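Source file: my_file.pdb (PDB, C-alpha atoms, pLDDT in the B column)
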ATOM      1  CA  MET L  92     100.221  93.703 115.608  1.00 84.00           C
ATOM      2  CA  LYS L  93     103.829  93.193 114.544  1.00 92.00           C
ATOM      3  CA  ASN L  94     104.859  92.498 110.971  1.00 95.00           C
ATOM      4  CA  VAL L  95     107.942  91.783 108.898  1.00 96.00           C
ATOM      5  CA  VAL L  96     107.196  94.128 106.009  1.00 97.00           C
ATOM      6  CA  LYS L  97     110.340  96.169 106.670  1.00 97.00           C
ATOM      7  CA  GLN L  98     112.551  93.084 106.641  1.00 96.00           C
ATOM      8  CA  LEU L  99     110.931  91.675 103.490  1.00 97.00           C
ATOM      9  CA  ARG L 100     111.177  95.019 101.742  1.00 97.00           C
ATOM     10  CA  GLY L 101     114.794  95.475 102.810  1.00 96.00           C
ATOM     11  CA  ALA L 102     115.691  91.992 101.570  1.00 96.00           C
ATOM     12  CA  ARG L 103     114.514  93.024  98.110  1.00 95.00           C
ATOM     13  CA  GLY L 104     116.288  96.352  98.165  1.00 96.00           C
ATOM     14  CA  LEU L 105     113.070  98.284  97.781  1.00 97.00           C
ATOM     15  CA  SER L 106     112.372 101.706  99.205  1.00 97.00           C
ATOM     16  CA  GLN L 107     109.108 102.449 100.954  1.00 97.00           C
ATOM     17  CA  ALA L 108     108.134 104.566  97.958  1.00 95.00           C
ATOM     18  CA  ASP L 109     108.881 101.660  95.582  1.00 96.00           C
ATOM     19  CA  LEU L 110     106.715  99.283  97.573  1.00 97.00           C
ATOM     20  CA  GLY L 111     103.957 101.854  97.911  1.00 95.00           C
ATOM     21  CA  SER L 112     103.985 102.413  94.171  1.00 93.00           C
ATOM     22  CA  GLU L 113     103.726  98.672  93.533  1.00 94.00           C
ATOM     23  CA  LEU L 114     100.730  98.390  95.848  1.00 95.00           C
ATOM     24  CA  GLY L 115      99.019 101.636  94.910  1.00 91.00           C
ATOM     25  CA  VAL L 116      99.485 103.325  98.284  1.00 94.00           C
ATOM     26  CA  SER L 117     101.686 106.138  99.530  1.00 93.00           C
ATOM     27  CA  ARG L 118     105.164 105.909 101.047  1.00 95.00           C
ATOM     28  CA  GLN L 119     103.652 107.214 104.283  1.00 94.00           C
ATOM     29  CA  THR L 120     101.229 104.295 104.391  1.00 96.00           C
ATOM     30  CA  ILE L 121     104.041 101.754 103.978  1.00 97.00           C
ATOM     31  CA  ASN L 122     105.962 103.514 106.754  1.00 96.00           C
ATOM     32  CA  SER L 123     102.909 103.489 109.033  1.00 96.00           C
ATOM     33  CA  ILE L 124     102.359  99.776 108.390  1.00 97.00           C
ATOM     34  CA  GLU L 125     106.010  98.965 109.108  1.00 97.00           C
ATOM     35  CA  THR L 126     105.991 100.912 112.363  1.00 95.00           C
ATOM     36  CA  GLY L 127     102.712  99.345 113.424  1.00 93.00           C
ATOM     37  CA  LYS L 128     100.846 102.644 113.520  1.00 94.00           C
ATOM     38  CA  TYR L 129      98.431 101.563 110.805  1.00 95.00           C
ATOM     39  CA  LEU L 130      96.789  98.178 110.400  1.00 95.00           C
ATOM     40  CA  PRO L 131      96.082  97.613 106.697  1.00 96.00           C
ATOM     41  CA  SER L 132      92.770  96.400 105.344  1.00 96.00           C
ATOM     42  CA  LEU L 133      92.434  92.746 104.404  1.00 96.00           C
ATOM     43  CA  PRO L 134      92.843  93.430 100.639  1.00 96.00           C
ATOM     44  CA  LEU L 135      96.025  95.439 101.246  1.00 97.00           C
ATOM     45  CA  ALA L 136      97.385  92.843 103.679  1.00 97.00           C
ATOM     46  CA  ILE L 137      96.785  90.128 101.073  1.00 97.00           C
ATOM     47  CA  ALA L 138      98.376  92.282  98.366  1.00 97.00           C
ATOM     48  CA  LEU L 139     101.424  92.812 100.568  1.00 97.00           C
ATOM     49  CA  ALA L 140     101.731  89.107 101.293  1.00 97.00           C
ATOM     50  CA  ARG L 141     101.302  88.174  97.626  1.00 97.00           C
ATOM     51  CA  PHE L 142     103.883  90.735  96.579  1.00 97.00           C
ATOM     52  CA  PHE L 143     106.449  89.102  98.830  1.00 97.00           C
ATOM     53  CA  GLY L 144     105.323  85.557  97.990  1.00 96.00           C
ATOM     54  CA  GLU L 145     104.309  84.923 101.592  1.00 96.00           C
ATOM     55  CA  THR L 146     101.054  84.238 103.393  1.00 95.00           C
ATOM     56  CA  VAL L 147      99.334  86.924 105.402  1.00 96.00           C
ATOM     57  CA  GLU L 148     100.139  85.028 108.597  1.00 94.00           C
ATOM     58  CA  GLU L 149     103.820  85.016 107.691  1.00 94.00           C
ATOM     59  CA  VAL L 150     103.837  88.769 107.156  1.00 96.00           C
ATOM     60  CA  PHE L 151     101.582  89.768 110.041  1.00 95.00           C
ATOM     61  CA  ASP L 152     101.937  88.227 113.495  1.00 91.00           C
ATOM     62  CA  VAL L 153      98.468  88.067 115.003  1.00 82.00           C
ATOM     63  CA  GLU L 154      99.883  86.966 118.360  1.00 79.00           C
ATOM     64  CA  ALA L 155     102.103  90.020 118.804  1.00 67.00           C
TER      65      ALA L 155
ATOM     66  CA  MET M 289     111.826  83.578  99.250  1.00 43.00           C
ATOM     67  CA  SER M 290     109.614  83.011  96.282  1.00 44.00           C
ATOM     68  CA  LYS M 291     109.431  85.351  93.339  1.00 42.00           C
ATOM     69  CA  PRO M 292     107.103  88.307  93.812  1.00 46.00           C
ATOM     70  CA  GLU M 293     103.854  88.038  91.925  1.00 44.00           C
ATOM     71  CA  THR M 294     103.163  90.463  89.135  1.00 44.00           C
ATOM     72  CA  ASP M 295      99.712  91.839  89.880  1.00 47.00           C
ATOM     73  CA  THR M 296      99.654  92.861  93.510  1.00 49.00           C
ATOM     74  CA  SER M 297      98.354  96.399  93.170  1.00 47.00           C
ATOM     75  CA  THR M 298      95.210  96.990  95.187  1.00 50.00           C
ATOM     76  CA  THR M 299      94.110  99.737  92.839  1.00 48.00           C
ATOM     77  CA  SER M 300      94.709 101.007  89.322  1.00 52.00           C
ATOM     78  CA  ASN M 301      97.756 103.188  88.722  1.00 60.00           C
ATOM     79  CA  ARG M 302      95.790 106.373  88.211  1.00 68.00           C
ATOM     80  CA  ALA M 303      92.550 107.544  89.703  1.00 76.00           C
ATOM     81  CA  PRO M 304      89.682 108.483  87.359  1.00 83.00           C
ATOM     82  CA  VAL M 305      89.631 112.078  86.162  1.00 83.00           C
ATOM     83  CA  THR M 306      86.323 112.675  87.929  1.00 85.00           C
ATOM     84  CA  THR M 307      87.876 111.606  91.225  1.00 86.00           C
ATOM     85  CA  ARG M 308      91.030 113.665  90.763  1.00 89.00           C
ATOM     86  CA  TRP M 309      89.089 116.825  89.992  1.00 93.00           C
ATOM     87  CA  ALA M 310      86.195 116.345  92.429  1.00 93.00           C
ATOM     88  CA  ILE M 311      87.541 118.489  95.278  1.00 94.00           C
ATOM     89  CA  PRO M 312      88.893 121.311  93.080  1.00 95.00           C
ATOM     90  CA  GLY M 313      85.655 121.171  91.083  1.00 96.00           C
ATOM     91  CA  VAL M 314      83.506 121.502  94.197  1.00 96.00           C
ATOM     92  CA  ALA M 315      85.645 124.429  95.329  1.00 96.00           C
ATOM     93  CA  VAL M 316      85.185 126.166  91.956  1.00 97.00           C
ATOM     94  CA  LEU M 317      81.435 125.512  92.035  1.00 97.00           C
ATOM     95  CA  ALA M 318      81.249 126.924  95.554  1.00 97.00           C
ATOM     96  CA  GLY M 319      83.150 129.991  94.362  1.00 97.00           C
ATOM     97  CA  LEU M 320      80.710 130.441  91.473  1.00 97.00           C
ATOM     98  CA  ALA M 321      77.822 130.071  93.925  1.00 97.00           C
ATOM     99  CA  TYR M 322      79.346 132.823  96.076  1.00 97.00           C
ATOM    100  CA  LEU M 323      79.660 134.970  92.967  1.00 97.00           C
ATOM    101  CA  VAL M 324      76.042 134.467  91.918  1.00 97.00           C
ATOM    102  CA  VAL M 325      74.451 134.958  95.328  1.00 97.00           C
ATOM    103  CA  GLY M 326      76.752 137.900  96.042  1.00 97.00           C
ATOM    104  CA  LEU M 327      75.772 139.622  92.805  1.00 97.00           C
ATOM    105  CA  VAL M 328      72.094 138.856  93.337  1.00 97.00           C
ATOM    106  CA  GLY M 329      72.265 140.237  96.870  1.00 96.00           C
ATOM    107  CA  ASP M 330      74.438 143.248  95.925  1.00 95.00           C
ATOM    108  CA  ASN M 331      77.156 141.949  98.218  1.00 95.00           C
ATOM    109  CA  TYR M 332      80.174 142.451  95.984  1.00 96.00           C
ATOM    110  CA  PRO M 333      82.831 141.715  98.628  1.00 95.00           C
ATOM    111  CA  LEU M 334      81.237 138.304  99.169  1.00 94.00           C
ATOM    112  CA  ALA M 335      80.771 137.748  95.431  1.00 96.00           C
ATOM    113  CA  PHE M 336      84.333 138.436  94.346  1.00 97.00           C
ATOM    114  CA  GLY M 337      86.064 137.693  97.630  1.00 97.00           C
ATOM    115  CA  GLY M 338      84.313 134.343  97.900  1.00 96.00           C
ATOM    116  CA  LEU M 339      85.073 133.456  94.310  1.00 97.00           C
ATOM    117  CA  GLY M 340      88.717 134.421  94.752  1.00 97.00           C
ATOM    118  CA  LEU M 341      89.013 132.480  97.976  1.00 97.00           C
ATOM    119  CA  MET M 342      87.484 129.310  96.564  1.00 97.00           C
ATOM    120  CA  LEU M 343      89.519 129.510  93.359  1.00 97.00           C
ATOM    121  CA  SER M 344      92.634 129.919  95.502  1.00 98.00           C
ATOM    122  CA  ILE M 345      91.674 126.857  97.510  1.00 97.00           C
ATOM    123  CA  ALA M 346      91.114 124.843  94.305  1.00 97.00           C
ATOM    124  CA  VAL M 347      94.449 125.886  92.801  1.00 97.00           C
ATOM    125  CA  GLY M 348      96.250 125.485  96.123  1.00 97.00           C
ATOM    126  CA  PHE M 349      94.885 121.984  96.541  1.00 96.00           C
ATOM    127  CA  VAL M 350      96.037 120.934  93.064  1.00 96.00           C
ATOM    128  CA  VAL M 351      99.488 122.456  93.598  1.00 96.00           C
ATOM    129  CA  LEU M 352      99.895 120.929  97.069  1.00 96.00           C
ATOM    130  CA  ALA M 353      98.929 117.519  95.671  1.00 94.00           C
ATOM    131  CA  ARG M 354     102.071 117.669  93.527  1.00 94.00           C
ATOM    132  CA  TYR M 355     104.325 118.035  96.554  1.00 94.00           C
ATOM    133  CA  SER M 356     102.497 116.348  99.442  1.00 93.00           C
ATOM    134  CA  GLU M 357     101.636 112.658  99.610  1.00 91.00           C
ATOM    135  CA  THR M 358      98.737 113.451 101.900  1.00 92.00           C
ATOM    136  CA  PHE M 359      97.179 115.961  99.511  1.00 93.00           C
ATOM    137  CA  ALA M 360      97.893 113.652  96.586  1.00 92.00           C
ATOM    138  CA  GLY M 361      96.075 110.883  98.447  1.00 90.00           C
ATOM    139  CA  LEU M 362      93.142 113.163  99.181  1.00 92.00           C
ATOM    140  CA  ARG M 363      92.979 113.988  95.501  1.00 92.00           C
ATOM    141  CA  ASP M 364      93.390 110.445  94.139  1.00 89.00           C
ATOM    142  CA  ARG M 365      91.363 108.657  96.852  1.00 89.00           C
ATOM    143  CA  ARG M 366      93.448 105.527  96.187  1.00 89.00           C
ATOM    144  CA  ASP M 367      95.303 105.264  99.496  1.00 92.00           C
ATOM    145  CA  GLU M 368      93.166 103.512 102.097  1.00 94.00           C
ATOM    146  CA  ARG M 369      95.056 105.031 105.041  1.00 95.00           C
ATOM    147  CA  ILE M 370      94.622 108.580 103.769  1.00 94.00           C
ATOM    148  CA  ASN M 371      90.956 107.824 103.044  1.00 94.00           C
ATOM    149  CA  ALA M 372      90.630 106.644 106.659  1.00 95.00           C
ATOM    150  CA  LEU M 373      92.368 109.821 107.864  1.00 95.00           C
ATOM    151  CA  ASP M 374      89.939 111.865 105.781  1.00 95.00           C
ATOM    152  CA  ALA M 375      86.969 109.982 107.227  1.00 95.00           C
ATOM    153  CA  GLY M 376      88.266 110.474 110.770  1.00 96.00           C
ATOM    154  CA  ALA M 377      88.909 114.173 110.205  1.00 96.00           C
ATOM    155  CA  THR M 378      85.440 114.574 108.685  1.00 96.00           C
ATOM    156  CA  LEU M 379      83.898 112.819 111.685  1.00 96.00           C
ATOM    157  CA  PHE M 380      85.806 115.101 114.060  1.00 97.00           C
ATOM    158  CA  ALA M 381      84.726 118.221 112.168  1.00 97.00           C
ATOM    159  CA  GLY M 382      81.134 116.979 112.208  1.00 95.00           C
ATOM    160  CA  MET M 383      81.269 116.397 115.965  1.00 95.00           C
ATOM    161  CA  VAL M 384      82.694 119.882 116.545  1.00 97.00           C
ATOM    162  CA  LEU M 385      79.916 121.347 114.402  1.00 95.00           C
ATOM    163  CA  LEU M 386      77.265 119.337 116.255  1.00 94.00           C
ATOM    164  CA  VAL M 387      78.552 120.454 119.658  1.00 96.00           C
ATOM    165  CA  ALA M 388      78.615 124.068 118.438  1.00 97.00           C
ATOM    166  CA  VAL M 389      75.007 123.757 117.241  1.00 96.00           C
ATOM    167  CA  LEU M 390      73.890 122.269 120.561  1.00 95.00           C
ATOM    168  CA  VAL M 391      75.704 124.961 122.571  1.00 97.00           C
ATOM    169  CA  MET M 392      74.205 127.719 120.437  1.00 97.00           C
ATOM    170  CA  PHE M 393      70.766 126.132 120.818  1.00 96.00           C
ATOM    171  CA  LEU M 394      71.133 126.242 124.610  1.00 97.00           C
ATOM    172  CA  VAL M 395      72.358 129.844 124.476  1.00 97.00           C
ATOM    173  CA  GLU M 396      69.361 130.844 122.348  1.00 96.00           C
ATOM    174  CA  ILE M 397      66.930 129.155 124.749  1.00 96.00           C
ATOM    175  CA  ALA M 398      68.624 130.765 127.760  1.00 96.00           C
ATOM    176  CA  GLN M 399      68.163 134.151 126.116  1.00 95.00           C
ATOM    177  CA  GLY M 400      64.421 133.551 125.817  1.00 95.00           C
ATOM    178  CA  ARG M 401      64.318 132.827 122.087  1.00 94.00           C
ATOM    179  CA  ASP M 402      62.950 129.776 120.282  1.00 92.00           C
ATOM    180  CA  GLY M 403      66.315 128.214 119.515  1.00 93.00           C
ATOM    181  CA  MET M 404      66.004 128.548 115.750  1.00 94.00           C
ATOM    182  CA  PRO M 405      67.797 127.760 113.524  1.00 95.00           C
ATOM    183  CA  TYR M 406      69.946 125.664 115.867  1.00 96.00           C
ATOM    184  CA  SER M 407      67.076 123.421 116.947  1.00 95.00           C
ATOM    185  CA  ALA M 408      66.322 122.608 113.308  1.00 96.00           C
ATOM    186  CA  LEU M 409      69.983 121.969 112.556  1.00 96.00           C
ATOM    187  CA  GLY M 410      70.271 119.664 115.564  1.00 95.00           C
ATOM    188  CA  ALA M 411      67.146 117.792 114.496  1.00 95.00           C
ATOM    189  CA  LEU M 412      68.488 117.498 110.959  1.00 96.00           C
ATOM    190  CA  SER M 413      71.753 116.016 112.190  1.00 95.00           C
ATOM    191  CA  GLY M 414      69.906 113.545 114.406  1.00 94.00           C
ATOM    192  CA  VAL M 415      67.648 112.394 111.589  1.00 97.00           C
ATOM    193  CA  SER M 416      70.653 112.189 109.239  1.00 95.00           C
ATOM    194  CA  TYR M 417      72.447 109.949 111.713  1.00 95.00           C
ATOM    195  CA  VAL M 418      69.511 107.548 111.978  1.00 97.00           C
ATOM    196  CA  VAL M 419      69.035 107.432 108.191  1.00 97.00           C
ATOM    197  CA  ALA M 420      72.746 106.783 107.664  1.00 96.00           C
ATOM    198  CA  LEU M 421      72.765 104.110 110.351  1.00 96.00           C
ATOM    199  CA  VAL M 422      69.845 102.261 108.751  1.00 97.00           C
ATOM    200  CA  TRP M 423      71.343 102.651 105.266  1.00 96.00           C
ATOM    201  CA  LEU M 424      74.729 101.330 106.351  1.00 95.00           C
ATOM    202  CA  ARG M 425      73.092  98.547 108.347  1.00 96.00           C
ATOM    203  CA  PHE M 426      71.695  97.064 105.144  1.00 95.00           C
ATOM    204  CA  ARG M 427      74.790  97.699 103.047  1.00 93.00           C
ATOM    205  CA  ARG M 428      77.416  96.198 105.361  1.00 89.00           C
TER     206      ARG M 428
END
Whole structure, structure tokens version:
Amino acid sequence: MKNVVKQLRGARGLSQADLGSELGVSRQTINSIETGKYLPSLPLAIALARFFGETVEEVFDVEA
Amino acid sequence: MSKPETDTSTTSNRAPVTTRWAIPGVAVLAGLAYLVVGLVGDNYPLAFGGLGLMLSIAVGFVVLARYSETFAGLRDRRDERINALDAGATLFAGMVLLVAVLVMFLVEIAQGRDGMPYSALGALSGVSYVVALVWLRFRR
């Protein structure tokens, strides 16, 4: 499943560590989500979407 | 883009003290258990070697958690991905142990013995699996 976390994070000038700290997860977890190696749980996906002011569907592409 | 919301953290900023010290604490307790049973059984290498080993593991774990995100995650238990990695690794270790028990059971039987204690350990793991399955069935 593709996502736009990297683009949203980059647009805000945040590092992976910054975003991980905001969401209570590690930098490695943010990296794994961005590269598609790890599919986050529903609570974390919602937290990510809320952080960026987007919906989950806008952050994660269920068709890809 | 809209303004980011303020409370998006999935967890609190710091894990409870009991969580952070659970693994080192278990290691220390295991070391103390080695010490006691070693002294009771007059096995001093096990008593002091085991205590030293487990204390080293406890200290090493705490130190590594300061430098490694993975160890920090194992200590804090706040990162869902690292928790999933831990669960997967535990499952793998359990499967390896189960296969070893089954192989040793077969070896014991082939050598004309009764298969103990491997038969009991295999039975215990089977019963544990069923109990866990039923328990989880009603919880999830």
- Task: For segment 350-356 of chain M, please output as a PyMOL selection string all residues within 12 Å (counting all atoms listed in the file; exclusion window: fewer than 3 positions along the same chain).
- Result: (chain L and resi 117-119) or (chain M and resi 308-313+315+343-347+359-365+370)
- Enter the distance from atom CA of Asn94 of chain L to atom CA of Ala140 of chain L, in Å, rounded to one decimal. 10.7 Å
- Within 12 Å of Ala321 of chain M, counting only C-alpha atoms, which residues show up once you throw out same-chain ones fewer than 3 positions away? Write them as a ChimeraX atom specification, please. /M:314-318,324-329,334-340,342-343
Sorted by chain and rising residue number, list the residues of chain L at most 6 Å from chain M (counting all atoms listed in the file), each with its closest atom pair and distance in Å to one decimal, as a Markdown table.
| residue | atom | partner | partner_atom | distance |
| --- | --- | --- | --- | --- |
| L:Glu113 | CA | M:Ser297 | CA | 5.8 |
| L:Leu114 | CA | M:Ser297 | CA | 4.1 |
| L:Gly115 | CA | M:Ser297 | CA | 5.6 |
| L:Val116 | CA | M:Asp367 | CA | 4.8 |
| L:Ala138 | CA | M:Thr296 | CA | 5.1 |
| L:Phe142 | CA | M:Pro292 | CA | 4.9 |
| L:Phe143 | CA | M:Pro292 | CA | 5.1 |
| L:Gly144 | CA | M:Ser290 | CA | 5.3 |
As lines of an AutoDock Vina configuration file, what would the box around segment 110-126 of chain L look like: edges along x, y and z, 5 Å added on every side, centre and edge lengths in Å to one decimal?
center_x = 102.9
center_y = 102.8
center_z = 102.9
size_x = 17.7
size_y = 18.8
size_z = 28.8
Kindly complete segment 104-115 of chain L to all heavy atoms; the output should be written as a PDB file, keeping the file's coordinate frame.
ATOM      1  N   GLY L 104     115.664  95.091  98.544  1.00 96.00           N
ATOM      2  CA  GLY L 104     116.288  96.352  98.165  1.00 96.00           C
ATOM      3  C   GLY L 104     115.307  97.401  97.688  1.00 96.00           C
ATOM      4  O   GLY L 104     115.657  98.267  96.884  1.00 96.00           O
ATOM      5  N   LEU L 105     114.097  97.322  98.194  1.00 97.00           N
ATOM      6  CA  LEU L 105     113.070  98.284  97.781  1.00 97.00           C
ATOM      7  C   LEU L 105     112.963  99.415  98.791  1.00 97.00           C
ATOM      8  O   LEU L 105     113.137  99.197  99.994  1.00 97.00           O
ATOM      9  CB  LEU L 105     111.709  97.600  97.679  1.00 97.00           C
ATOM     10  CG  LEU L 105     111.528  96.530  96.593  1.00 97.00           C
ATOM     11  CD1 LEU L 105     110.189  95.816  96.806  1.00 97.00           C
ATOM     12  CD2 LEU L 105     111.580  97.166  95.223  1.00 97.00           C
ATOM     13  N   SER L 106     112.678 100.601  98.298  1.00 97.00           N
ATOM     14  CA  SER L 106     112.372 101.706  99.205  1.00 97.00           C
ATOM     15  C   SER L 106     110.895 101.639  99.572  1.00 97.00           C
ATOM     16  O   SER L 106     110.111 100.917  98.931  1.00 97.00           O
ATOM     17  CB  SER L 106     112.678 103.038  98.537  1.00 97.00           C
ATOM     18  OG  SER L 106     111.774 103.265  97.470  1.00 97.00           O
ATOM     19  N   GLN L 107     110.533 102.398 100.590  1.00 97.00           N
ATOM     20  CA  GLN L 107     109.108 102.449 100.954  1.00 97.00           C
ATOM     21  C   GLN L 107     108.284 103.007  99.799  1.00 97.00           C
ATOM     22  O   GLN L 107     107.162 102.567  99.552  1.00 97.00           O
ATOM     23  CB  GLN L 107     108.920 103.319 102.203  1.00 97.00           C
ATOM     24  CG  GLN L 107     109.501 102.691 103.463  1.00 97.00           C
ATOM     25  CD  GLN L 107     109.339 103.579 104.680  1.00 97.00           C
ATOM     26  OE1 GLN L 107     109.195 104.798 104.565  1.00 97.00           O
ATOM     27  NE2 GLN L 107     109.378 102.976 105.861  1.00 97.00           N
ATOM     28  N   ALA L 108     108.842 103.980  99.099  1.00 95.00           N
ATOM     29  CA  ALA L 108     108.134 104.566  97.958  1.00 95.00           C
ATOM     30  C   ALA L 108     107.943 103.535  96.843  1.00 95.00           C
ATOM     31  O   ALA L 108     106.880 103.480  96.213  1.00 95.00           O
ATOM     32  CB  ALA L 108     108.887 105.780  97.435  1.00 95.00           C
ATOM     33  N   ASP L 109     108.985 102.706  96.614  1.00 96.00           N
ATOM     34  CA  ASP L 109     108.881 101.660  95.582  1.00 96.00           C
ATOM     35  C   ASP L 109     107.748 100.692  95.918  1.00 96.00           C
ATOM     36  O   ASP L 109     106.920 100.358  95.061  1.00 96.00           O
ATOM     37  CB  ASP L 109     110.190 100.861  95.488  1.00 96.00           C
ATOM     38  CG  ASP L 109     111.333 101.705  94.965  1.00 96.00           C
ATOM     39  OD1 ASP L 109     111.074 102.685  94.246  1.00 96.00           O
ATOM     40  OD2 ASP L 109     112.494 101.379  95.307  1.00 96.00           O
ATOM     41  N   LEU L 110     107.740 100.245  97.158  1.00 97.00           N
ATOM     42  CA  LEU L 110     106.715  99.283  97.573  1.00 97.00           C
ATOM     43  C   LEU L 110     105.321  99.918  97.520  1.00 97.00           C
ATOM     44  O   LEU L 110     104.359  99.286  97.056  1.00 97.00           O
ATOM     45  CB  LEU L 110     107.011  98.769  98.988  1.00 97.00           C
ATOM     46  CG  LEU L 110     106.041  97.730  99.556  1.00 97.00           C
ATOM     47  CD1 LEU L 110     105.940  96.519  98.632  1.00 97.00           C
ATOM     48  CD2 LEU L 110     106.479  97.302 100.958  1.00 97.00           C
ATOM     49  N   GLY L 111     105.243 101.156  97.975  1.00 95.00           N
ATOM     50  CA  GLY L 111     103.957 101.854  97.911  1.00 95.00           C
ATOM     51  C   GLY L 111     103.456 101.974  96.490  1.00 95.00           C
ATOM     52  O   GLY L 111     102.265 101.768  96.214  1.00 95.00           O
ATOM     53  N   SER L 112     104.362 102.285  95.577  1.00 93.00           N
ATOM     54  CA  SER L 112     103.985 102.413  94.171  1.00 93.00           C
ATOM     55  C   SER L 112     103.476 101.081  93.616  1.00 93.00           C
ATOM     56  O   SER L 112     102.510 101.039  92.856  1.00 93.00           O
ATOM     57  CB  SER L 112     105.192 102.906  93.365  1.00 93.00           C
ATOM     58  OG  SER L 112     104.857 103.010  92.009  1.00 93.00           O
ATOM     59  N   GLU L 113     104.146  99.997  94.001  1.00 94.00           N
ATOM     60  CA  GLU L 113     103.726  98.672  93.533  1.00 94.00           C
ATOM     61  C   GLU L 113     102.320  98.318  94.019  1.00 94.00           C
ATOM     62  O   GLU L 113     101.568  97.641  93.322  1.00 94.00           O
ATOM     63  CB  GLU L 113     104.705  97.609  94.030  1.00 94.00           C
ATOM     64  CG  GLU L 113     106.050  97.624  93.338  1.00 94.00           C
ATOM     65  CD  GLU L 113     105.955  97.118  91.911  1.00 94.00           C
ATOM     66  OE1 GLU L 113     104.990  96.393  91.597  1.00 94.00           O
ATOM     67  OE2 GLU L 113     106.840  97.456  91.108  1.00 94.00           O
ATOM     68  N   LEU L 114     102.004  98.774  95.231  1.00 95.00           N
ATOM     69  CA  LEU L 114     100.730  98.390  95.848  1.00 95.00           C
ATOM     70  C   LEU L 114      99.653  99.456  95.698  1.00 95.00           C
ATOM     71  O   LEU L 114      98.518  99.258  96.143  1.00 95.00           O
ATOM     72  CB  LEU L 114     100.951  98.083  97.340  1.00 95.00           C
ATOM     73  CG  LEU L 114     101.898  96.912  97.620  1.00 95.00           C
ATOM     74  CD1 LEU L 114     102.213  96.823  99.100  1.00 95.00           C
ATOM     75  CD2 LEU L 114     101.292  95.612  97.133  1.00 95.00           C
ATOM     76  N   GLY L 115     100.014 100.580  95.109  1.00 91.00           N
ATOM     77  CA  GLY L 115      99.019 101.636  94.910  1.00 91.00           C
ATOM     78  C   GLY L 115      98.699 102.424  96.158  1.00 91.00           C
ATOM     79  O   GLY L 115      97.591 102.946  96.305  1.00 91.00           O
TER      80      GLY L 115
END
